[in-house]
file target-v7.cif (mmCIF, C-alpha atoms)
data_final
#
loop_
_atom_site.label_atom_id
_atom_site.label_comp_id
_atom_site.auth_asym_id
_atom_site.auth_seq_id
_atom_site.Cartn_x
_atom_site.Cartn_y
_atom_site.Cartn_z
CA MET A 1 -11.14 -23.42 -10.88
CA ARG A 2 -14.31 -21.31 -10.83
CA LEU A 3 -16.93 -21.02 -8.09
CA THR A 4 -20.32 -22.21 -9.32
CA SER A 5 -22.54 -20.74 -6.58
CA ASN A 6 -24.73 -17.83 -7.71
CA THR A 7 -23.69 -15.57 -4.83
CA PRO A 8 -22.06 -12.11 -4.83
CA ILE A 9 -18.94 -13.64 -3.26
CA ALA A 10 -18.69 -16.26 -6.00
CA ASP A 11 -19.26 -13.63 -8.69
CA ALA A 12 -16.53 -11.44 -7.23
CA ALA A 13 -14.09 -14.34 -6.95
CA ASN A 14 -14.74 -15.39 -10.54
CA SER A 15 -14.22 -11.80 -11.73
CA ILE A 16 -10.85 -11.69 -9.97
CA ARG A 17 -9.79 -14.95 -11.64
CA ASP A 18 -10.80 -13.53 -15.01
CA LEU A 19 -8.58 -10.44 -14.73
CA ASP A 20 -5.87 -11.99 -16.88
CA ASN A 21 -8.31 -13.16 -19.56
CA GLU A 22 -9.32 -11.11 -22.59
CA SER A 23 -12.64 -10.02 -21.11
CA ILE A 24 -14.61 -10.02 -17.89
CA THR A 25 -18.30 -9.64 -17.16
CA VAL A 26 -19.65 -7.38 -14.42
CA LEU A 27 -23.42 -6.96 -13.96
CA GLY A 28 -23.97 -8.46 -17.40
CA GLU A 29 -21.55 -6.09 -19.15
CA CYS A 30 -18.58 -7.67 -20.92
CA PHE A 31 -15.40 -5.60 -21.31
CA ASP A 32 -11.63 -5.88 -21.70
CA PRO A 33 -9.87 -5.24 -18.34
CA ASN A 34 -6.80 -4.06 -20.27
CA GLU A 35 -8.75 -1.42 -22.23
CA THR A 36 -6.85 1.87 -22.08
CA GLY A 37 -9.58 4.06 -20.59
CA TYR A 38 -10.49 1.45 -17.97
CA VAL A 39 -6.90 1.14 -16.75
CA LEU A 40 -6.35 4.92 -16.74
CA ARG A 41 -9.44 5.35 -14.55
CA ALA A 42 -8.18 2.64 -12.20
CA VAL A 43 -4.76 4.31 -11.90
CA THR A 44 -6.40 7.70 -11.27
CA ASP A 45 -8.58 6.27 -8.49
CA TYR A 46 -5.55 4.48 -7.02
CA LEU A 47 -3.49 7.70 -6.88
CA ILE A 48 -6.34 9.65 -5.29
CA GLU A 49 -6.77 6.96 -2.62
CA ILE A 50 -3.04 6.95 -1.95
CA ALA A 51 -3.16 10.71 -1.34
CA HIS A 52 -6.47 11.06 0.48
CA GLY A 53 -7.35 7.66 1.95
CA LEU A 54 -10.88 7.59 3.37
CA HIS A 55 -11.51 11.12 2.03
CA ARG A 56 -10.99 10.09 -1.60
CA LEU A 57 -14.63 10.80 -2.51
CA THR A 58 -14.49 14.41 -1.28
CA VAL A 59 -11.57 15.69 -3.37
CA THR A 60 -11.80 18.68 -5.72
CA ARG A 61 -11.53 18.70 -9.50
CA ASP A 62 -7.97 19.97 -9.10
CA ALA A 63 -6.95 16.76 -7.33
CA ILE A 64 -8.74 14.63 -9.92
CA GLY A 65 -7.06 16.57 -12.75
CA THR A 66 -3.64 16.10 -11.18
CA ALA A 67 -4.23 12.37 -10.74
CA ARG A 68 -5.34 12.06 -14.38
CA CYS A 69 -2.20 13.84 -15.60
CA LEU A 70 0.00 11.54 -13.57
CA ALA A 71 -1.94 8.44 -14.64
CA LEU A 72 -1.60 9.32 -18.33
CA CYS A 73 2.15 9.85 -18.02
CA VAL A 74 2.63 6.69 -15.95
CA TYR A 75 0.84 4.70 -18.64
CA ALA A 76 3.01 6.25 -21.38
CA THR A 77 6.23 5.09 -19.68
CA HIS A 78 5.15 1.47 -20.19
CA ILE A 79 4.92 2.04 -23.96
CA ARG A 80 7.92 4.22 -24.71
CA PRO A 81 10.29 6.44 -22.67
CA ALA A 82 8.93 9.97 -22.34
CA SER A 83 10.52 13.11 -20.91
CA ILE A 84 7.93 14.85 -18.74
CA ALA A 85 8.66 16.49 -15.38
CA PHE A 86 6.34 17.13 -12.45
CA SER A 87 7.04 19.12 -9.30
CA ALA A 88 5.19 19.67 -6.04
CA ALA A 89 5.98 21.95 -3.10
CA ASN A 90 6.88 20.25 0.19
CA GLY A 91 3.75 21.72 1.78
CA GLU A 92 1.48 19.96 -0.73
CA LEU A 93 1.37 16.56 0.95
CA PRO A 94 -1.43 15.02 -1.20
CA ALA A 95 0.42 16.01 -4.38
CA LEU A 96 3.67 14.61 -3.00
CA ARG A 97 2.02 11.31 -2.14
CA MET A 98 0.53 11.02 -5.61
CA MET A 99 3.90 11.77 -7.19
CA GLN A 100 5.64 9.16 -5.05
CA ALA A 101 3.07 6.52 -5.94
CA ALA A 102 3.23 7.48 -9.63
CA LEU A 103 7.02 7.17 -9.52
CA LEU A 104 6.76 3.57 -8.29
CA LEU A 105 4.14 2.73 -10.94
CA CYS A 106 6.27 4.00 -13.85
CA ALA A 107 8.24 1.60 -15.98
CA ASP A 108 11.21 3.94 -15.47
CA ALA A 109 11.33 7.34 -13.75
CA ARG A 110 13.47 9.57 -11.53
CA MET A 111 12.56 11.80 -8.60
CA THR A 112 14.29 15.20 -8.28
CA LEU A 113 14.63 17.32 -5.15
CA ILE A 114 14.99 21.03 -5.91
CA THR A 115 15.61 23.52 -3.10
CA GLY A 116 14.33 26.74 -4.63
CA PRO A 117 13.71 27.76 -8.27
CA PHE A 118 14.59 25.26 -11.02
CA PRO A 119 18.42 25.43 -11.20
CA SER A 120 20.44 25.33 -14.39
CA VAL A 121 23.45 23.89 -12.52
CA GLY A 122 24.03 21.86 -9.39
CA HIS A 123 22.03 18.77 -10.34
CA ALA A 124 23.36 15.62 -8.64
CA PHE A 125 22.11 12.09 -9.31
CA ILE A 126 22.11 10.14 -6.03
CA ARG A 127 22.36 6.35 -5.67
CA THR A 128 22.45 3.76 -2.91
CA GLY A 129 24.00 0.30 -2.90
CA THR A 130 22.37 -3.05 -3.61
CA VAL A 131 22.09 -3.88 0.10
CA ASP A 132 20.46 -0.51 0.80
CA THR A 133 17.96 -1.04 -2.00
CA ALA A 134 17.01 -4.42 -0.55
CA ILE A 135 15.90 -2.74 2.69
CA GLY A 136 12.76 -1.51 0.96
CA ASP A 137 9.85 -3.02 2.85
CA LEU A 138 9.24 -0.41 5.53
CA LEU A 139 10.37 2.46 3.33
CA GLU A 140 7.92 1.55 0.59
CA ARG A 141 5.07 1.18 3.07
CA GLY A 142 5.93 4.65 4.35
CA LEU A 143 5.55 6.07 0.84
CA LEU A 144 2.25 4.24 0.37
CA PRO A 145 0.52 4.36 3.76
CA THR A 146 -2.85 3.05 2.53
CA ARG A 147 -1.56 0.24 0.30
CA ALA A 148 0.60 -2.86 0.69
CA ARG A 149 3.33 -3.77 -1.75
CA GLY A 150 1.16 -6.43 -3.35
CA ASP A 151 -1.41 -3.82 -4.37
CA LEU A 152 1.28 -1.68 -5.99
CA TYR A 153 2.64 -4.71 -7.86
CA ALA A 154 -0.84 -5.71 -9.09
CA MET A 155 -1.56 -2.19 -10.34
CA LYS A 156 1.78 -1.98 -12.14
CA GLN A 157 1.15 -5.35 -13.79
CA ARG A 158 -2.26 -4.18 -14.97
CA ILE A 159 -0.71 -1.04 -16.54
CA SER A 160 1.95 -3.19 -18.21
CA ALA A 161 -0.61 -5.61 -19.63
CA SER A 162 -2.74 -2.75 -20.94
CA ALA A 163 0.30 -1.02 -22.47
CA ALA A 164 1.23 -4.28 -24.25
CA ARG A 165 -2.30 -4.47 -25.67
CA PHE A 166 -2.06 -0.82 -26.74
CA HIS A 167 1.29 -1.48 -28.44
CA ARG A 168 -0.16 -4.40 -30.40
CA ASN A 169 -3.08 -2.28 -31.59
CA HIS A 170 -1.18 0.94 -32.33
CA GLY A 171 2.34 -0.13 -33.25
CA SER A 172 2.61 2.05 -36.37
CA GLY A 173 1.31 5.12 -34.56
CA ILE A 174 3.83 4.66 -31.77
CA LYS A 175 6.73 4.51 -34.21
CA GLY A 176 5.50 7.64 -35.97
CA GLY A 177 5.06 9.74 -32.82
CA ASN A 178 8.42 11.25 -31.93
CA ARG A 179 7.24 13.89 -29.47
CA ASN A 180 5.79 13.44 -26.00
CA GLU A 181 2.53 15.19 -26.85
CA ASN A 182 2.01 12.89 -29.86
CA MET A 183 2.37 9.82 -27.63
CA LEU A 184 -0.02 11.16 -25.00
CA ALA A 185 -2.51 12.24 -27.67
CA LEU A 186 -2.43 8.75 -29.18
CA ILE A 187 -3.13 7.16 -25.79
CA ALA A 188 -5.89 9.69 -25.08
CA SER A 189 -7.46 9.09 -28.48
CA ASP A 190 -7.74 5.39 -27.66
CA ALA A 191 -9.12 6.08 -24.17
CA GLY A 192 -11.62 8.80 -25.13
CA GLU A 193 -12.80 11.52 -22.76
CA PRO A 194 -11.72 12.89 -20.34
CA TRP A 195 -8.26 11.78 -21.45
CA ARG A 196 -8.24 13.86 -24.66
CA GLU A 197 -8.74 16.94 -22.50
CA THR A 198 -5.98 15.82 -20.13
CA ALA A 199 -3.52 15.28 -22.99
CA ALA A 200 -4.42 18.67 -24.47
CA ALA A 201 -3.56 20.32 -21.15
CA PHE A 202 0.02 19.13 -21.57
CA ALA A 203 0.51 20.70 -25.00
CA GLY A 204 3.43 23.11 -25.03
CA GLU A 205 4.10 22.81 -21.26
CA TRP A 206 6.27 19.88 -20.20
CA LYS A 207 7.34 20.98 -16.74
CA VAL A 208 4.06 20.61 -14.88
CA ALA A 209 3.53 21.69 -11.27
CA ALA A 210 1.26 19.30 -9.37
#

call {"tool": "encode", "arguments": {"input": "target-v7.cif", "output": "structure tokens"}}
result
Amino acid sequence: MRLTSNTPIADAANSIRDLDNESITVLGECFDPNETGYVLRAVTDYLIEIAHGLHRLTVTRDAIGTARCLALCVYATHIRPASIAFSAANGELPALRMMQAALLLCADARMTLITGPFPSVGHAFIRTGTVDTAIGDLLERGLLPTRARGDLYAMKQRISASAARFHRNHGSGIKGGNRNENMLALIASDAGEPWRETAAAFAGEWKVAA
């Protein structure tokens, strides 16, 4: 059911209902809500808000660049598994918050705690039981202090829908790209700037410090 009143509230409500359709119209402009660049921008803004809350509009280019890198890699995990590692020092709270949010947005990912330089030995994979995992409500809200679980779920669904669209449009390119940088470059090529620049920044360096 659509609202027929010509009011801003009705327009906003109709736009929300149209999110799962092939296109939506905002201020007379029609576009695909699953378009790669559109979704990458949304994920970037989401990560910045997670890290900085009300101060999200005052962040530096470094913070925006970090969020773009994470957004691009999060998106890639919904298309094909990729092996890319990020790290952040425990004093860098905004970077840590972005990484935690990115982890939960990924189709599949792991978080690693390293006490000191990157070790060649001594890596342990930790797990908890099914009951422990079910006690996730308060813990998840602690990781995402400015968002509820529903917002995280909606964002992850949007990434998934966009990745499915990307896969339909670029199936042959995905099969042909065996390396991480090829996958990211393919996504960036579809999204345009500034994502080409972001993908290029990854070239040759796959352990990235946030």

call {"tool": "closest_residue", "arguments": {"input": "target-v7.cif", "among": "A:Ile50, A:Ala107, A:Ile64, A:Ala191", "to": "Ile79 (chain A)", "atoms": "only C-alpha atoms"}}
result
A:Ala107

call {"tool": "atom_distance", "arguments": {"input": "target-v7.cif", "atom1": "CA of Leu93 (chain A)", "atom2": "CA of Ala51 (chain A)"}}
result
7.7 Å

call {"tool": "resolve_selection", "arguments": {"input": "target-v7.cif", "expression": "the PyMOL selection byres ((chain A and resi 199) around 8)", "output": "PDB file with C-alpha atoms, keeping the file's coordinate frame"}}
result
ATOM      1  CA  CYS A  69      -2.200  13.840 -15.600  1.00  0.00           C
ATOM      2  CA  LEU A  72      -1.600   9.320 -18.330  1.00  0.00           C
ATOM      3  CA  GLU A 181       2.530  15.190 -26.850  1.00  0.00           C
ATOM      4  CA  LEU A 184      -0.020  11.160 -25.000  1.00  0.00           C
ATOM      5  CA  ALA A 185      -2.510  12.240 -27.670  1.00  0.00           C
ATOM      6  CA  ALA A 188      -5.890   9.690 -25.080  1.00  0.00           C
ATOM      7  CA  TRP A 195      -8.260  11.780 -21.450  1.00  0.00           C
ATOM      8  CA  ARG A 196      -8.240  13.860 -24.660  1.00  0.00           C
ATOM      9  CA  GLU A 197      -8.740  16.940 -22.500  1.00  0.00           C
ATOM     10  CA  THR A 198      -5.980  15.820 -20.130  1.00  0.00           C
ATOM     11  CA  ALA A 200      -4.420  18.670 -24.470  1.00  0.00           C
ATOM     12  CA  ALA A 201      -3.560  20.320 -21.150  1.00  0.00           C
ATOM     13  CA  PHE A 202       0.020  19.130 -21.570  1.00  0.00           C
ATOM     14  CA  ALA A 203       0.510  20.700 -25.000  1.00  0.00           C
TER      15      ALA A 203
END

call {"tool": "resolve_selection", "arguments": {"input": "target-v7.cif", "expression": "the PyMOL selection byres ((chain A and resi 43) around 10)", "output": "JSON, numbers by chain"}}
result
{"A": [37, 38, 39, 40, 41, 42, 44, 45, 46, 47, 48, 49, 67, 68, 70, 71, 72, 74, 75, 102, 105, 155, 156, 158, 159]}

call {"tool": "axis_aligned_box", "arguments": {"input": "target-v7.cif", "around": "region 36-48 of chain A", "padding_each_side": "5 Å", "output": "JSON"}}
result
{"center_x": -7.0, "center_y": 5.4, "center_z": -13.7, "size_x": 17.0, "size_y": 18.5, "size_z": 26.8}

call {"tool": "atom_distance", "arguments": {"input": "target-v7.cif", "atom1": "CA of Ser87 (chain A)", "atom2": "CA of Met111 (chain A)"}}
result
9.2 Å

call {"tool": "atom_distance", "arguments": {"input": "target-v7.cif", "atom1": "CA of Ala163 (chain A)", "atom2": "CA of Thr36 (chain A)"}}
result
7.7 Å

call {"tool": "resolve_selection", "arguments": {"input": "target-v7.cif", "expression": "the PyMOL selection byres ((chain A and resi 104) around 10)", "output": "list in words"}}
result
Val74, Met99, Gln100, Ala101, Ala102, Leu103, Leu105, Cys106, Ala107, Asp108, Ala109, Arg110, Glu140, Leu143, Leu144, Leu152, Tyr153 and Lys156 of chain A

call {"tool": "build_atoms", "arguments": {"input": "target-v7.cif", "residues": "region 62-76 of chain A", "atoms": "N, CA, C and O atoms", "output": "PDB file, keeping the file's coordinate frame"}}
result
ATOM      1  N   ASP A  62      -9.411  19.774  -8.962  1.00  0.00           N
ATOM      2  CA  ASP A  62      -7.970  19.970  -9.100  1.00  0.00           C
ATOM      3  C   ASP A  62      -7.214  18.684  -8.787  1.00  0.00           C
ATOM      4  O   ASP A  62      -6.280  18.311  -9.504  1.00  0.00           O
ATOM      5  N   ALA A  63      -7.611  18.017  -7.711  1.00  0.00           N
ATOM      6  CA  ALA A  63      -6.950  16.760  -7.330  1.00  0.00           C
ATOM      7  C   ALA A  63      -7.190  15.680  -8.382  1.00  0.00           C
ATOM      8  O   ALA A  63      -6.277  14.927  -8.736  1.00  0.00           O
ATOM      9  N   ILE A  64      -8.421  15.622  -8.886  1.00  0.00           N
ATOM     10  CA  ILE A  64      -8.740  14.630  -9.920  1.00  0.00           C
ATOM     11  C   ILE A  64      -7.936  14.909 -11.185  1.00  0.00           C
ATOM     12  O   ILE A  64      -7.388  13.996 -11.812  1.00  0.00           O
ATOM     13  N   GLY A  65      -7.839  16.193 -11.562  1.00  0.00           N
ATOM     14  CA  GLY A  65      -7.060  16.570 -12.750  1.00  0.00           C
ATOM     15  C   GLY A  65      -5.598  16.210 -12.606  1.00  0.00           C
ATOM     16  O   GLY A  65      -4.971  15.714 -13.552  1.00  0.00           O
ATOM     17  N   THR A  66      -5.038  16.459 -11.419  1.00  0.00           N
ATOM     18  CA  THR A  66      -3.640  16.100 -11.180  1.00  0.00           C
ATOM     19  C   THR A  66      -3.431  14.601 -11.275  1.00  0.00           C
ATOM     20  O   THR A  66      -2.465  14.127 -11.887  1.00  0.00           O
ATOM     21  N   ALA A  67      -4.340  13.836 -10.694  1.00  0.00           N
ATOM     22  CA  ALA A  67      -4.230  12.370 -10.740  1.00  0.00           C
ATOM     23  C   ALA A  67      -4.331  11.863 -12.170  1.00  0.00           C
ATOM     24  O   ALA A  67      -3.627  10.928 -12.563  1.00  0.00           O
ATOM     25  N   ARG A  68      -5.205  12.477 -12.973  1.00  0.00           N
ATOM     26  CA  ARG A  68      -5.340  12.060 -14.380  1.00  0.00           C
ATOM     27  C   ARG A  68      -4.062  12.349 -15.154  1.00  0.00           C
ATOM     28  O   ARG A  68      -3.626  11.531 -15.972  1.00  0.00           O
ATOM     29  N   CYS A  69      -3.453  13.511 -14.917  1.00  0.00           N
ATOM     30  CA  CYS A  69      -2.200  13.840 -15.600  1.00  0.00           C
ATOM     31  C   CYS A  69      -1.118  12.821 -15.266  1.00  0.00           C
ATOM     32  O   CYS A  69      -0.414  12.326 -16.153  1.00  0.00           O
ATOM     33  N   LEU A  70      -0.999  12.507 -13.990  1.00  0.00           N
ATOM     34  CA  LEU A  70       0.000  11.540 -13.570  1.00  0.00           C
ATOM     35  C   LEU A  70      -0.291  10.155 -14.142  1.00  0.00           C
ATOM     36  O   LEU A  70       0.616   9.456 -14.606  1.00  0.00           O
ATOM     37  N   ALA A  71      -1.562   9.757 -14.124  1.00  0.00           N
ATOM     38  CA  ALA A  71      -1.940   8.440 -14.640  1.00  0.00           C
ATOM     39  C   ALA A  71      -1.600   8.310 -16.121  1.00  0.00           C
ATOM     40  O   ALA A  71      -1.078   7.278 -16.566  1.00  0.00           O
ATOM     41  N   LEU A  72      -1.880   9.346 -16.893  1.00  0.00           N
ATOM     42  CA  LEU A  72      -1.600   9.320 -18.330  1.00  0.00           C
ATOM     43  C   LEU A  72      -0.107   9.184 -18.593  1.00  0.00           C
ATOM     44  O   LEU A  72       0.325   8.404 -19.457  1.00  0.00           O
ATOM     45  N   CYS A  73       0.700   9.906 -17.824  1.00  0.00           N
ATOM     46  CA  CYS A  73       2.150   9.850 -18.020  1.00  0.00           C
ATOM     47  C   CYS A  73       2.734   8.531 -17.534  1.00  0.00           C
ATOM     48  O   CYS A  73       3.659   7.995 -18.151  1.00  0.00           O
ATOM     49  N   VAL A  74       2.198   8.004 -16.427  1.00  0.00           N
ATOM     50  CA  VAL A  74       2.630   6.690 -15.950  1.00  0.00           C
ATOM     51  C   VAL A  74       2.385   5.635 -17.023  1.00  0.00           C
ATOM     52  O   VAL A  74       3.255   4.812 -17.333  1.00  0.00           O
ATOM     53  N   TYR A  75       1.209   5.661 -17.597  1.00  0.00           N
ATOM     54  CA  TYR A  75       0.840   4.700 -18.640  1.00  0.00           C
ATOM     55  C   TYR A  75       1.806   4.804 -19.821  1.00  0.00           C
ATOM     56  O   TYR A  75       2.260   3.785 -20.361  1.00  0.00           O
ATOM     57  N   ALA A  76       2.121   6.039 -20.221  1.00  0.00           N
ATOM     58  CA  ALA A  76       3.010   6.250 -21.380  1.00  0.00           C
ATOM     59  C   ALA A  76       4.382   5.641 -21.160  1.00  0.00           C
ATOM     60  O   ALA A  76       5.003   5.146 -22.109  1.00  0.00           O
TER      61      ALA A  76
END
